[in-house]
file run_1.cif (mmCIF, C-alpha atoms)
data_start
loop_
_atom_site.group_PDB
_atom_site.id
_atom_site.type_symbol
_atom_site.label_atom_id
_atom_site.label_comp_id
_atom_site.auth_asym_id
_atom_site.auth_seq_id
_atom_site.Cartn_x
_atom_site.Cartn_y
_atom_site.Cartn_z
ATOM 1 C CA MET T 1 247.820 -153.621 21.606
ATOM 2 C CA GLN T 2 244.697 -152.235 19.927
ATOM 3 C CA VAL T 3 241.443 -151.413 21.687
ATOM 4 C CA ALA T 4 238.902 -154.192 21.093
ATOM 5 C CA ASP T 5 236.187 -155.938 23.096
ATOM 6 C CA ASN T 6 237.281 -157.281 26.494
ATOM 7 C CA MET T 7 240.245 -154.926 26.690
ATOM 8 C CA ALA T 8 240.930 -152.809 29.773
ATOM 9 C CA VAL T 9 241.357 -149.257 28.503
ATOM 10 C CA SER T 10 242.639 -146.211 30.387
ATOM 11 C CA ILE T 11 242.076 -142.752 28.933
ATOM 12 C CA HIS T 12 242.367 -139.125 29.854
ATOM 13 C CA TYR T 13 239.676 -136.953 28.323
ATOM 14 C CA THR T 14 238.160 -133.525 28.235
ATOM 15 C CA LEU T 15 234.469 -133.314 27.380
ATOM 16 C CA THR T 16 233.001 -130.131 25.906
ATOM 17 C CA ASN T 17 229.703 -129.120 24.334
ATOM 18 C CA ASP T 18 229.452 -127.408 20.938
ATOM 19 C CA ASP T 19 229.894 -124.008 22.637
ATOM 20 C CA GLY T 20 233.308 -125.136 23.924
ATOM 21 C CA GLU T 21 232.160 -125.249 27.553
ATOM 22 C CA VAL T 22 234.076 -127.910 29.508
ATOM 23 C CA LEU T 23 231.531 -130.358 30.941
ATOM 24 C CA ASP T 24 233.946 -132.872 32.459
ATOM 25 C CA SER T 25 237.613 -133.804 32.404
ATOM 26 C CA SER T 26 239.949 -136.386 33.865
ATOM 27 C CA ILE T 27 242.999 -134.132 33.403
ATOM 28 C CA GLY T 28 244.728 -133.658 36.748
ATOM 29 C CA ASP T 29 242.876 -136.668 38.172
ATOM 30 C CA GLU T 30 242.943 -140.436 37.684
ATOM 31 C CA ALA T 31 242.495 -141.753 34.172
ATOM 32 C CA LEU T 32 239.101 -143.232 33.310
ATOM 33 C CA VAL T 33 239.415 -147.032 33.194
ATOM 34 C CA PHE T 34 236.750 -149.128 31.472
ATOM 35 C CA LEU T 35 236.070 -152.495 29.863
ATOM 36 C CA GLN T 36 235.696 -151.997 26.122
ATOM 37 C CA GLY T 37 232.586 -153.587 24.626
ATOM 38 C CA SER T 38 230.641 -153.806 27.890
ATOM 39 C CA GLY T 39 228.694 -150.577 27.672
ATOM 40 C CA ASN T 40 230.711 -148.948 30.472
ATOM 41 C CA ILE T 41 230.926 -145.738 28.411
ATOM 42 C CA ILE T 42 228.547 -144.103 25.938
ATOM 43 C CA PRO T 43 228.153 -145.964 22.620
ATOM 44 C CA GLY T 44 229.664 -143.228 20.434
ATOM 45 C CA LEU T 45 232.862 -143.052 22.453
ATOM 46 C CA GLU T 46 233.087 -146.824 22.665
ATOM 47 C CA LYS T 47 232.854 -147.040 18.847
ATOM 48 C CA ALA T 48 235.505 -144.326 18.448
ATOM 49 C CA MET T 49 237.899 -146.262 20.710
ATOM 50 C CA VAL T 50 238.049 -149.363 18.504
ATOM 51 C CA GLY T 51 241.509 -149.861 17.001
ATOM 52 C CA LYS T 52 243.216 -147.154 19.068
ATOM 53 C CA VAL T 53 246.534 -147.891 20.795
ATOM 54 C CA THR T 54 248.407 -146.522 23.791
ATOM 55 C CA GLY T 55 249.571 -142.979 23.034
ATOM 56 C CA ASP T 56 246.859 -142.215 20.477
ATOM 57 C CA LYS T 57 245.274 -138.779 20.803
ATOM 58 C CA PHE T 58 242.056 -137.948 18.991
ATOM 59 C CA ASN T 59 238.924 -135.820 19.001
ATOM 60 C CA VAL T 60 235.456 -137.192 18.411
ATOM 61 C CA ARG T 61 232.080 -135.468 18.118
ATOM 62 C CA ILE T 62 229.198 -137.592 19.376
ATOM 63 C CA VAL T 63 225.557 -136.861 18.565
ATOM 64 C CA PRO T 64 222.894 -137.371 21.261
ATOM 65 C CA GLU T 65 221.658 -140.673 19.760
ATOM 66 C CA GLU T 66 225.129 -142.138 20.421
ATOM 67 C CA ALA T 67 225.429 -140.506 23.857
ATOM 68 C CA TYR T 68 222.604 -139.868 26.344
ATOM 69 C CA GLY T 69 219.750 -139.718 23.830
ATOM 70 C CA GLU T 70 217.524 -136.935 22.654
ATOM 71 C CA LEU T 71 215.775 -134.689 25.144
ATOM 72 C CA MET T 72 212.344 -136.242 25.724
ATOM 73 C CA GLU T 73 209.727 -133.628 26.564
ATOM 74 C CA ASP T 74 207.496 -136.202 28.255
ATOM 75 C CA MET T 75 210.215 -136.620 30.903
ATOM 76 C CA ILE T 76 209.626 -133.016 32.026
ATOM 77 C CA GLN T 77 206.696 -132.507 34.393
ATOM 78 C CA VAL T 78 205.223 -129.807 36.579
ATOM 79 C CA LEU T 79 204.280 -131.075 40.031
ATOM 80 C CA SER T 80 202.591 -129.441 42.976
ATOM 81 C CA ARG T 81 204.787 -128.631 45.967
ATOM 82 C CA ASP T 82 202.464 -131.013 47.877
ATOM 83 C CA MET T 83 204.153 -133.918 46.038
ATOM 84 C CA PHE T 84 207.363 -133.160 47.977
ATOM 85 C CA GLU T 85 205.895 -133.939 51.389
ATOM 86 C CA GLY T 86 208.437 -133.683 54.196
ATOM 87 C CA ILE T 87 210.882 -131.565 52.209
ATOM 88 C CA ASP T 88 210.792 -127.996 53.446
ATOM 89 C CA ASN T 89 213.407 -126.391 51.225
ATOM 90 C CA ILE T 90 213.273 -127.282 47.522
ATOM 91 C CA GLU T 91 215.842 -125.656 45.242
ATOM 92 C CA VAL T 92 216.628 -125.746 41.525
ATOM 93 C CA GLY T 93 219.257 -128.407 40.886
ATOM 94 C CA MET T 94 218.120 -130.746 43.649
ATOM 95 C CA GLN T 95 217.791 -134.355 42.572
ATOM 96 C CA PHE T 96 215.370 -136.995 43.810
ATOM 97 C CA HIS T 97 214.880 -140.701 43.235
ATOM 98 C CA ALA T 98 211.460 -141.302 41.728
ATOM 99 C CA ASP T 99 209.423 -144.110 40.235
ATOM 100 C CA VAL T 100 208.585 -143.149 36.655
ATOM 101 C CA SER T 101 206.872 -145.093 33.872
ATOM 102 C CA SER T 102 210.183 -146.718 32.874
ATOM 103 C CA GLY T 103 211.049 -147.665 36.485
ATOM 104 C CA PRO T 104 213.272 -146.076 39.149
ATOM 105 C CA SER T 105 214.999 -142.916 37.975
ATOM 106 C CA VAL T 106 216.640 -139.705 39.133
ATOM 107 C CA VAL T 107 214.774 -136.459 38.482
ATOM 108 C CA THR T 108 216.179 -132.946 38.736
ATOM 109 C CA VAL T 109 214.318 -129.830 39.838
ATOM 110 C CA VAL T 110 214.707 -127.398 36.913
ATOM 111 C CA SER T 111 212.413 -124.553 37.948
ATOM 112 C CA ILE T 112 210.179 -123.367 40.769
ATOM 113 C CA GLU T 113 207.273 -120.990 40.250
ATOM 114 C CA GLY T 114 205.217 -120.588 43.406
ATOM 115 C CA ASP T 115 203.835 -124.020 44.252
ATOM 116 C CA ASP T 116 204.670 -125.432 40.786
ATOM 117 C CA ILE T 117 207.872 -127.478 40.760
ATOM 118 C CA THR T 118 209.200 -128.516 37.328
ATOM 119 C CA ILE T 119 211.222 -131.731 37.308
ATOM 120 C CA ASP T 120 213.210 -133.283 34.480
ATOM 121 C CA GLY T 121 213.832 -137.037 34.271
ATOM 122 C CA ASN T 122 216.173 -136.760 31.282
ATOM 123 C CA HIS T 123 219.895 -137.338 31.765
ATOM 124 C CA PRO T 124 221.518 -133.894 32.234
ATOM 125 C CA LEU T 125 223.373 -134.381 28.916
ATOM 126 C CA ALA T 126 220.370 -135.626 26.917
ATOM 127 C CA GLY T 127 220.055 -133.728 23.654
ATOM 128 C CA VAL T 128 223.623 -132.402 23.892
ATOM 129 C CA VAL T 129 226.280 -132.980 21.230
ATOM 130 C CA LEU T 130 229.419 -134.108 23.058
ATOM 131 C CA ASN T 131 232.987 -133.413 21.962
ATOM 132 C CA PHE T 132 235.717 -135.570 23.469
ATOM 133 C CA ASP T 133 239.439 -134.814 23.364
ATOM 134 C CA VAL T 134 240.965 -138.195 24.260
ATOM 135 C CA GLU T 135 244.423 -139.570 25.003
ATOM 136 C CA VAL T 136 244.779 -143.346 25.298
ATOM 137 C CA ILE T 137 246.954 -144.019 28.352
ATOM 138 C CA ASP T 138 246.947 -147.821 28.435
ATOM 139 C CA VAL T 139 245.399 -150.840 26.724
ATOM 140 C CA ARG T 140 245.626 -154.369 28.120
ATOM 141 C CA LEU T 141 243.696 -157.614 28.052
ATOM 142 C CA ALA T 142 241.032 -157.754 30.739
ATOM 143 C CA THR T 143 241.344 -160.558 33.243
ATOM 144 C CA GLU T 144 238.803 -163.376 33.080
ATOM 145 C CA GLU T 145 237.210 -162.035 36.268
ATOM 146 C CA GLU T 146 236.951 -158.490 34.862
ATOM 147 C CA ALA T 147 235.415 -159.768 31.623
ATOM 148 C CA SER T 148 232.895 -161.940 33.483
ATOM 149 C CA HIS T 149 231.967 -159.092 35.852
ATOM 150 C CA GLY T 150 231.644 -156.587 33.004
ATOM 151 C CA HIS T 151 233.978 -153.995 34.545
ATOM 152 C CA ILE T 152 237.607 -153.378 35.433
ATOM 153 C CA HIS T 153 238.978 -154.015 38.938
ATOM 154 C CA GLY T 154 241.736 -152.067 40.697
ATOM 155 C CA ALA T 155 243.042 -148.509 40.413
ATOM 156 C CA GLY T 156 240.753 -146.220 38.491
ATOM 157 C CA CYS T 157 237.890 -148.704 38.773
ATOM 158 C CA HIS T 158 234.509 -147.021 39.107
ATOM 159 C CA HIS T 159 231.986 -149.786 39.882
#
call {"tool": "encode", "arguments": {"input": "run_1.cif", "output": "structure tokens"}}
result
Amino acid sequence: MQVADNMAVSIHYTLTNDDGEVLDSSIGDEALVFLQGSGNIIPGLEKAMVGKVTGDKFNVRIVPEEAYGELMEDMIQVLSRDMFEGIDNIEVGMQFHADVSSGPSVVTVVSIEGDDITIDGNHPLAGVVLNFDVEVIDVRLATEEEASHGHIHGAGCHH
């Protein structure tokens, strides 16, 4: 069975950046299970999956526009420590829910200089070229319920 829209797909993958640094991997863990064609994974990987079958192994390089987008400088801001009222200990890497111009979002503290706290509302992988090493573990038709819900149910389901 080939990967196409409304197929339940299970893959193992290793994700690296262009420097070869491993950013994520399912190896040694459960396979990633997703509904093809429903936007459950980044667009570039979803496009690369089309036509693959169980047992296929492939590598794909995905540019930011087909992944988490370009790094947008206007999503990086310097705020006064006063904006973090009630939080005594702020550290680089901490994440907060915030209302930004595009709606609710997660921002990450990227630097602290005295009372100036720099936050970044970009996805952590924005602007990064992603390299996937993929093995297709299983391909099956999604159930009617899975297709209508837009995600896979059962083992490996991440909804």
call {"tool": "residues_around", "arguments": {"input": "run_1.cif", "residues": "Val22 of chain T", "least_positions_apart": "4", "cutoff": "12 Å", "atoms": "all atoms listed in the file", "output": "number ranges by chain"}}
result
T: 13-18, 26-27, 130-133
call {"tool": "write_last_selection", "arguments": {"input": "run_1.cif", "atoms": "C-alpha atoms", "output": "PDB file, in the coordinates of the input"}}
result
ATOM      1  CA  TYR T  13     239.676-136.953  28.323  1.00  0.00           C
ATOM      2  CA  THR T  14     238.160-133.525  28.235  1.00  0.00           C
ATOM      3  CA  LEU T  15     234.469-133.314  27.380  1.00  0.00           C
ATOM      4  CA  THR T  16     233.001-130.131  25.906  1.00  0.00           C
ATOM      5  CA  ASN T  17     229.703-129.120  24.334  1.00  0.00           C
ATOM      6  CA  ASP T  18     229.452-127.408  20.938  1.00  0.00           C
ATOM      7  CA  SER T  26     239.949-136.386  33.865  1.00  0.00           C
ATOM      8  CA  ILE T  27     242.999-134.132  33.403  1.00  0.00           C
ATOM      9  CA  LEU T 130     229.419-134.108  23.058  1.00  0.00           C
ATOM     10  CA  ASN T 131     232.987-133.413  21.962  1.00  0.00           C
ATOM     11  CA  PHE T 132     235.717-135.570  23.469  1.00  0.00           C
ATOM     12  CA  ASP T 133     239.439-134.814  23.364  1.00  0.00           C
TER      13      ASP T 133
END
call {"tool": "resolve_selection", "arguments": {"input": "run_1.cif", "expression": "the PyMOL selection byres ((chain T and resi 32) around 10)", "output": "ChimeraX atom specification"}}
result
/T:9-13,25-27,29-31,33-34,41,136-137,155-158
call {"tool": "resolve_selection", "arguments": {"input": "run_1.cif", "expression": "the PyMOL selection byres ((chain T and resi 108-118) around 9)", "output": "list in words"}}
result
Ile76, Gln77, Val78, Leu79, Ser80, Arg81, Asp82, Ile90, Glu91, Val92, Gly93, Met94, Gln95, Phe96, Val106, Val107, Ile119, Asp120, Gly121, Asn122 and Pro124 of chain T
call {"tool": "closest_residue", "arguments": {"input": "run_1.cif", "among": "T:Glu73, T:Asp56, T:Glu146, T:Glu85", "to": "Gly127 of chain T", "atoms": "all atoms listed in the file"}}
result
T:Glu73
call {"tool": "atom_distance", "arguments": {"input": "run_1.cif", "atom1": "atom CA of Val134 of chain T", "atom2": "atom CA of His149 of chain T"}}
result
25.5 Å
call {"tool": "closest_residue", "arguments": {"input": "run_1.cif", "among": "T:Thr143, T:Asn59, T:Thr54, T:Asn40", "to": "Met7 of chain T", "atoms": "all atoms listed in the file"}}
result
T:Thr143
call {"tool": "closest_residue", "arguments": {"input": "run_1.cif", "among": "T:Ala67, T:Met1, T:Val128, T:Leu23", "to": "Gly39 of chain T", "atoms": "all atoms listed in the file"}}
result
T:Ala67
call {"tool": "resolve_selection", "arguments": {"input": "run_1.cif", "expression": "the PyMOL selection byres ((chain T and resi 70) around 12)", "output": "MDAnalysis selection string"}}
result
chainID T and resid 63:69 71:75 122:129
call {"tool": "write_last_selection", "arguments": {"input": "run_1.cif", "atoms": "C-alpha atoms", "output": "compact mmCIF listing (two decimals), in the frame of the given file"}}
result
# COMPACT_ATOMS: atom_id res chain seq x y z
CA VAL T 63 225.56 -136.86 18.57
CA PRO T 64 222.89 -137.37 21.26
CA GLU T 65 221.66 -140.67 19.76
CA GLU T 66 225.13 -142.14 20.42
CA ALA T 67 225.43 -140.51 23.86
CA TYR T 68 222.60 -139.87 26.34
CA GLY T 69 219.75 -139.72 23.83
CA LEU T 71 215.78 -134.69 25.14
CA MET T 72 212.34 -136.24 25.72
CA GLU T 73 209.73 -133.63 26.56
CA ASP T 74 207.50 -136.20 28.26
CA MET T 75 210.22 -136.62 30.90
CA ASN T 122 216.17 -136.76 31.28
CA HIS T 123 219.90 -137.34 31.76
CA PRO T 124 221.52 -133.89 32.23
CA LEU T 125 223.37 -134.38 28.92
CA ALA T 126 220.37 -135.63 26.92
CA GLY T 127 220.06 -133.73 23.65
CA VAL T 128 223.62 -132.40 23.89
CA VAL T 129 226.28 -132.98 21.23
call {"tool": "atom_distance", "arguments": {"input": "run_1.cif", "atom1": "atom CA of Ala142 of chain T", "atom2": "atom CA of Ile62 of chain T"}}
result
26.0 Å
call {"tool": "residues_around", "arguments": {"input": "run_1.cif", "residues": "Glu144 of chain T", "least_positions_apart": "2", "cutoff": "12 Å", "atoms": "only C-alpha atoms", "output": "list in words"}}
result
Asn6, Met7, Ala8, Leu35, Leu141, Ala142, Glu146, Ala147, Ser148, His149, Gly150, His151, Ile152 and His153 of chain T
call {"tool": "write_last_selection", "arguments": {"input": "run_1.cif", "atoms": "C-alpha atoms", "output": "compact mmCIF listing (two decimals), in the coordinates of the input"}}
result
# COMPACT_ATOMS: atom_id res chain seq x y z
CA ASN T 6 237.28 -157.28 26.49
CA MET T 7 240.24 -154.93 26.69
CA ALA T 8 240.93 -152.81 29.77
CA LEU T 35 236.07 -152.50 29.86
CA LEU T 141 243.70 -157.61 28.05
CA ALA T 142 241.03 -157.75 30.74
CA GLU T 146 236.95 -158.49 34.86
CA ALA T 147 235.42 -159.77 31.62
CA SER T 148 232.90 -161.94 33.48
CA HIS T 149 231.97 -159.09 35.85
CA GLY T 150 231.64 -156.59 33.00
CA HIS T 151 233.98 -154.00 34.54
CA ILE T 152 237.61 -153.38 35.43
CA HIS T 153 238.98 -154.01 38.94
call {"tool": "atom_distance", "arguments": {"input": "run_1.cif", "atom1": "atom CA of Gly37 of chain T", "atom2": "atom CA of Lys52 of chain T"}}
result
13.6 Å
call {"tool": "closest_residue", "arguments": {"input": "run_1.cif", "among": "T:Val3, T:Asp88, T:Glu145, T:Ser105", "to": "Val53 of chain T", "atoms": "only C-alpha atoms"}}
result
T:Val3
call {"tool": "decode", "arguments": {"input": "run_1.cif", "residues": "segment 44-73 of chain T", "atoms": "N, CA and C atoms", "output": "CSV table (one decimal), in the first residue's frame"}}
result
chain,number,residue,atom,x,y,z
T,44,GLY,N,7.0,19.7,4.1
T,44,GLY,CA,8.0,19.1,3.3
T,44,GLY,C,8.1,17.6,3.5
T,45,LEU,N,8.0,17.1,4.7
T,45,LEU,CA,8.0,15.7,5.0
T,45,LEU,C,6.8,15.0,4.5
T,46,GLU,N,5.6,15.7,4.6
T,46,GLU,CA,4.4,15.1,4.1
T,46,GLU,C,4.5,14.9,2.6
T,47,LYS,N,5.0,15.9,1.9
T,47,LYS,CA,5.2,15.7,0.4
T,47,LYS,C,6.1,14.6,0.1
T,48,ALA,N,7.2,14.5,0.8
T,48,ALA,CA,8.2,13.4,0.6
T,48,ALA,C,7.7,12.0,0.8
T,49,MET,N,6.6,11.9,1.7
T,49,MET,CA,6.1,10.6,2.0
T,49,MET,C,5.2,10.0,0.9
T,50,VAL,N,4.6,10.9,0.0
T,50,VAL,CA,3.7,10.4,-1.0
T,50,VAL,C,4.3,9.3,-1.9
T,51,GLY,N,3.6,8.2,-2.0
T,51,GLY,CA,4.1,7.1,-2.8
T,51,GLY,C,5.0,6.1,-2.2
T,52,LYS,N,5.4,6.4,-1.0
T,52,LYS,CA,6.3,5.5,-0.2
T,52,LYS,C,5.5,4.3,0.2
T,53,VAL,N,6.2,3.1,0.5
T,53,VAL,CA,5.5,1.9,0.9
T,53,VAL,C,6.3,1.4,2.1
T,54,THR,N,5.6,0.5,2.9
T,54,THR,CA,6.3,-0.2,4.0
T,54,THR,C,7.6,-0.7,3.6
T,55,GLY,N,8.6,-0.4,4.4
T,55,GLY,CA,10.0,-0.9,4.2
T,55,GLY,C,10.9,0.1,3.5
T,56,ASP,N,10.3,1.1,2.8
T,56,ASP,CA,11.1,2.2,2.2
T,56,ASP,C,11.9,2.9,3.2
T,57,LYS,N,13.2,3.2,2.8
T,57,LYS,CA,14.1,4.0,3.6
T,57,LYS,C,14.6,5.1,2.7
T,58,PHE,N,14.6,6.4,3.2
T,58,PHE,CA,15.0,7.5,2.3
T,58,PHE,C,15.4,8.6,3.2
T,59,ASN,N,16.2,9.5,2.6
T,59,ASN,CA,16.6,10.8,3.2
T,59,ASN,C,16.0,11.9,2.4
T,60,VAL,N,15.6,13.0,3.2
T,60,VAL,CA,15.0,14.2,2.5
T,60,VAL,C,15.5,15.4,3.3
T,61,ARG,N,15.9,16.4,2.5
T,61,ARG,CA,16.4,17.7,3.0
T,61,ARG,C,15.2,18.7,2.8
T,62,ILE,N,14.8,19.3,3.9
T,62,ILE,CA,13.6,20.2,3.9
T,62,ILE,C,14.0,21.6,4.3
T,63,VAL,N,13.8,22.5,3.4
T,63,VAL,CA,14.1,24.0,3.6
T,63,VAL,C,13.1,24.6,4.6
T,64,PRO,N,13.5,25.6,5.2
T,64,PRO,CA,12.6,26.2,6.2
T,64,PRO,C,11.1,26.5,5.8
T,65,GLU,N,11.0,27.0,4.5
T,65,GLU,CA,9.7,27.3,4.0
T,65,GLU,C,8.7,26.1,4.0
T,66,GLU,N,9.3,24.9,3.9
T,66,GLU,CA,8.5,23.7,3.9
T,66,GLU,C,8.5,23.0,5.3
T,67,ALA,N,9.1,23.7,6.3
T,67,ALA,CA,9.2,23.1,7.6
T,67,ALA,C,8.5,24.1,8.6
T,68,TYR,N,9.3,24.8,9.4
T,68,TYR,CA,8.8,25.7,10.4
T,68,TYR,C,8.9,27.2,10.1
T,69,GLY,N,9.2,27.5,8.8
T,69,GLY,CA,9.3,28.8,8.3
T,69,GLY,C,10.6,29.5,8.6
T,70,GLU,N,10.7,30.6,8.0
T,70,GLU,CA,12.0,31.4,8.1
T,70,GLU,C,11.9,32.1,9.5
T,71,LEU,N,13.1,32.4,10.0
T,71,LEU,CA,13.2,33.1,11.3
T,71,LEU,C,12.7,34.5,11.1
T,72,MET,N,11.7,34.9,11.8
T,72,MET,CA,11.2,36.3,11.7
T,72,MET,C,11.7,37.1,12.8
T,73,GLU,N,12.5,38.1,12.5
T,73,GLU,CA,13.1,39.0,13.4
T,73,GLU,C,12.1,39.8,14.3
